[in-house]
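I have placed the structure first, in the form of structure tokens, so that the comments after it can refer back to it.
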Amino acid sequence: MLSSRPARALAVALLAALLGALLPAAAAQAASRTVQGGRLDWGIKSSFQSYVTGPIAHGSWSLIGGAATVGGSQFRFHSATGSYDPATGAFTSGFSGGVRFVGHKKSDGSHELDLTISRPTVRIAGGSGTVYADMVSKDRGSGRVTSTAQVPLATLGLSGIDMRGGATPVALNNVPATLTSQGAKAFAGYYTAGTPLDPVSLSVDTTAPAGKPAASKSPGRPAEPKKAGKAGKAGKAGKAAGRFEDAAVDWGVRRTFREYVTGSIGKGKWTLADGAQDGGALFRFPRGKGTYDPKKQTLDADFAGSVRFTGADGLDLKLSAVAVRVEAGRGTLSADVLSAGDRRKAVPLVTFTAKDFAPEDGLAVLTEAPATLTADGAEAFGSLYKAGTAMDPVSLAVAVDTKAQLPALPDLGSAPGASPQPSGAPTERTITAASVSDSGSRTGLYLGIGGAGVLAAAAGALYLARRRATRQSGH
């Protein structure tokens, strides 16, 4: 019997060593991860969109805060922030941007229907999920306006979805959503609780933080990035008049034009070059150079970057050498236009209001100023739109201090990869770990294969020890 002890000791040591090697990986997998970057695509309720823009309400909807459109009837919210725990599946992610619906215009110019939904937040815990949102709505009867932060707007149908063990990006596709009682009230009574809403899809990037993940301001409402600055309050610029360190102009041209280009008729695309950046609902033209006078609030700046639109119907339109001039509270955005081989330089495309363009904290910021197409701009677009047509708003940021940082572009995160389908779970309701990009994301695989190897090795060693002991005892 004494001779079997070394074999048993070896088996125990082997089991302890191999389990010890796996436990740190399991702990890494269980560590909470930070959500940073990503998008949420949700049409809210497509039939409501049709009602608002239809022959009864005669209304419209508009995007705010950098929100975009995707597909036929979905709104895209951006710049996800929050946390995700792969061990429990607990997930919280807030998104930026919003959409405003108006309809039933009254004689005084106001609207009987006026609803804004912004800053959606998805919270999932214990197998249940909820979509929250900031909501501003007007009561249909009294006209009283109510503004409520983070209303529990919709419940998510998570049946069959296991939120545990995801890596990055984490994606949910076409998850059913149902209107809550609080959501029905905030919806100004247009729908009752329990009404099916459009399905929700999201994809977010997660990172393993070096320390503890940053705490949210309040449950269900992750902290927002600090805004770079406001327009309208004069501050110390830190630089002499006429000089600035950097600048950028954000402009999406026109939402319906982008949808036309990439839609079933245009079957085309746009291409960015020379430093231009795509923010989802807008294009950023960076590296502005020129002069800015903080006292007179005048700007004369040229920007880098170009955008070219092409389509199957022969469309070929390129905008480059973007420039912005601001004077006396009015701004003009111009660009070189190349269309069908015809090049025109410095074409004034749109005009916009630019009041209170004074610097604060080293930045002069103009956010989403409404823009109107000029006569020259209408010609540049091949008379597709008439002069005076509302185009996408213009946003400007001028850094007059070396320490100032320009506002960040909307962060749409990484593109989600192929969605592996778990046994028995429908594809459209799958949480995906599309990219196995770090050791933590492989832990489940290691535990599944390596763990079995550990147990097999340990069992084999114990079996050999018992067999030797049996032989020596004569049994």
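Naming scheme: A, B, ... for chains in displayed order of the structure tokens; residues 1 onward per chain; ligands 1 onward as shown.
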
Report as a PyMOL selection string all protein, DNA and RNA residues lying within 10 Å of Arg140 in chain A, evaluated on only C-alpha atoms, omitting residues in the same chain fewer than 6 positions from it. chain A and resi 112-114+187-190

For the selection just defined, write its residues with N, CA, C and O atoms to a file, as an mmCIF file, in the first residue's frame.
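Resulting contents of part_37.cif:
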data_model
loop_
_atom_site.group_PDB
_atom_site.id
_atom_site.type_symbol
_atom_site.label_atom_id
_atom_site.label_comp_id
_atom_site.auth_asym_id
_atom_site.auth_seq_id
_atom_site.Cartn_x
_atom_site.Cartn_y
_atom_site.Cartn_z
ATOM 1 N N GLU A 112 -49.655 69.249 -32.654
ATOM 2 C CA GLU A 112 -50.372 68.478 -31.635
ATOM 3 C C GLU A 112 -49.566 67.246 -31.240
ATOM 4 O O GLU A 112 -49.528 66.858 -30.087
ATOM 5 N N LEU A 113 -48.911 66.642 -32.220
ATOM 6 C CA LEU A 113 -48.032 65.507 -31.960
ATOM 7 C C LEU A 113 -46.592 66.011 -31.942
ATOM 8 O O LEU A 113 -46.102 66.573 -32.923
ATOM 9 N N ASP A 114 -45.939 65.839 -30.820
ATOM 10 C CA ASP A 114 -44.541 66.275 -30.686
ATOM 11 C C ASP A 114 -43.859 65.345 -29.692
ATOM 12 O O ASP A 114 -44.087 65.433 -28.483
ATOM 13 N N PHE A 187 -45.456 57.871 -24.413
ATOM 14 C CA PHE A 187 -45.768 57.896 -25.838
ATOM 15 C C PHE A 187 -47.024 58.721 -26.112
ATOM 16 O O PHE A 187 -47.583 58.677 -27.206
ATOM 17 N N ALA A 188 -47.472 59.460 -25.114
ATOM 18 C CA ALA A 188 -48.634 60.359 -25.218
ATOM 19 C C ALA A 188 -49.916 59.597 -25.535
ATOM 20 O O ALA A 188 -50.855 60.146 -26.107
ATOM 21 N N GLY A 189 -49.960 58.321 -25.148
ATOM 22 C CA GLY A 189 -51.195 57.565 -25.296
ATOM 23 C C GLY A 189 -51.498 57.088 -26.700
ATOM 24 O O GLY A 189 -52.623 56.645 -26.969
ATOM 25 N N TYR A 190 -50.543 57.141 -27.616
ATOM 26 C CA TYR A 190 -50.806 56.685 -28.982
ATOM 27 C C TYR A 190 -50.900 55.161 -29.052
ATOM 28 O O TYR A 190 -51.502 54.620 -29.977
#

Neighbouring residues of Lys318 in chain A were defined as those with any atom within 7 Å, considering only C-alpha atoms; residues of the same chain fewer than 5 positions away were excluded. Please report them as a list in words.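 The residues satisfying every condition are Val307, Arg308, Phe309, Val337, Leu338 and Ser339 of chain A.
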
If we count only C-alpha atoms and set the cut-off at 9 Å, which residues sit around Ile117 in chain A, ignoring sequence neighbours fewer than 2 positions away in its own chain? Please answer as a VMD selection string. chain A and resid 97 to 101 115 119 to 120 133 to 137

Leaving out Phe357 in chain A and any residue of its chain fewer than 2 positions from it, which residues lie within 8 Å of it when counting only C-alpha atoms, given as a ChimeraX atom specification? /A:231-232,294,297,329,354-355,359,364-366

Could you state the separation of CA of Val322 in chain A and CA of Trp61 in chain A in Å, given to one decimal place? 28.3 Å

For Thr34 in chain A, which residue among A:Ala208, A:Ser383, A:Asp278, A:Gly71 is the nearest when counting only C-alpha atoms?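 Nearest to Thr34 in chain A: A:Ala208.
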
So the first atom is CA of Glu327 in chain A and the second is CA of Gly377 in chain A; what is the distance between them in Å, to one decimal place?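 For CA of Glu327 in chain A relative to CA of Gly377 in chain A, the distance reads 19.7 Å.
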
Taking the backbone alone, and naming residues the way the document does, which bits of range 260-349 of chain A are strand (DSSP E) by DSSP, as a ChimeraX atom specification? /A:269-273,277-278,283-285,289-293,298-302,306-310,316-327,330-339,342-349

Compare A:Ala321, A:Ala273, A:Met391, A:Ala378 by their minimum atom-to-atom distance to Ser62 in chain A, counting only C-alpha atoms, and give me the closest one. A:Met391

Would you please give, as a ChimeraX atom specification, all residues of range 126-359 of chain A that DSSP assigns to alpha helix (DSSP H) based on the backbone? /A:181-186,255-262

Have a look at CA of Thr168 in chain A and CA of Ser414 in chain A and let me know their distance in Å, one decimal.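 Taking CA of Thr168 in chain A as the start and CA of Ser414 in chain A as the end point, the length is 8.7 Å.
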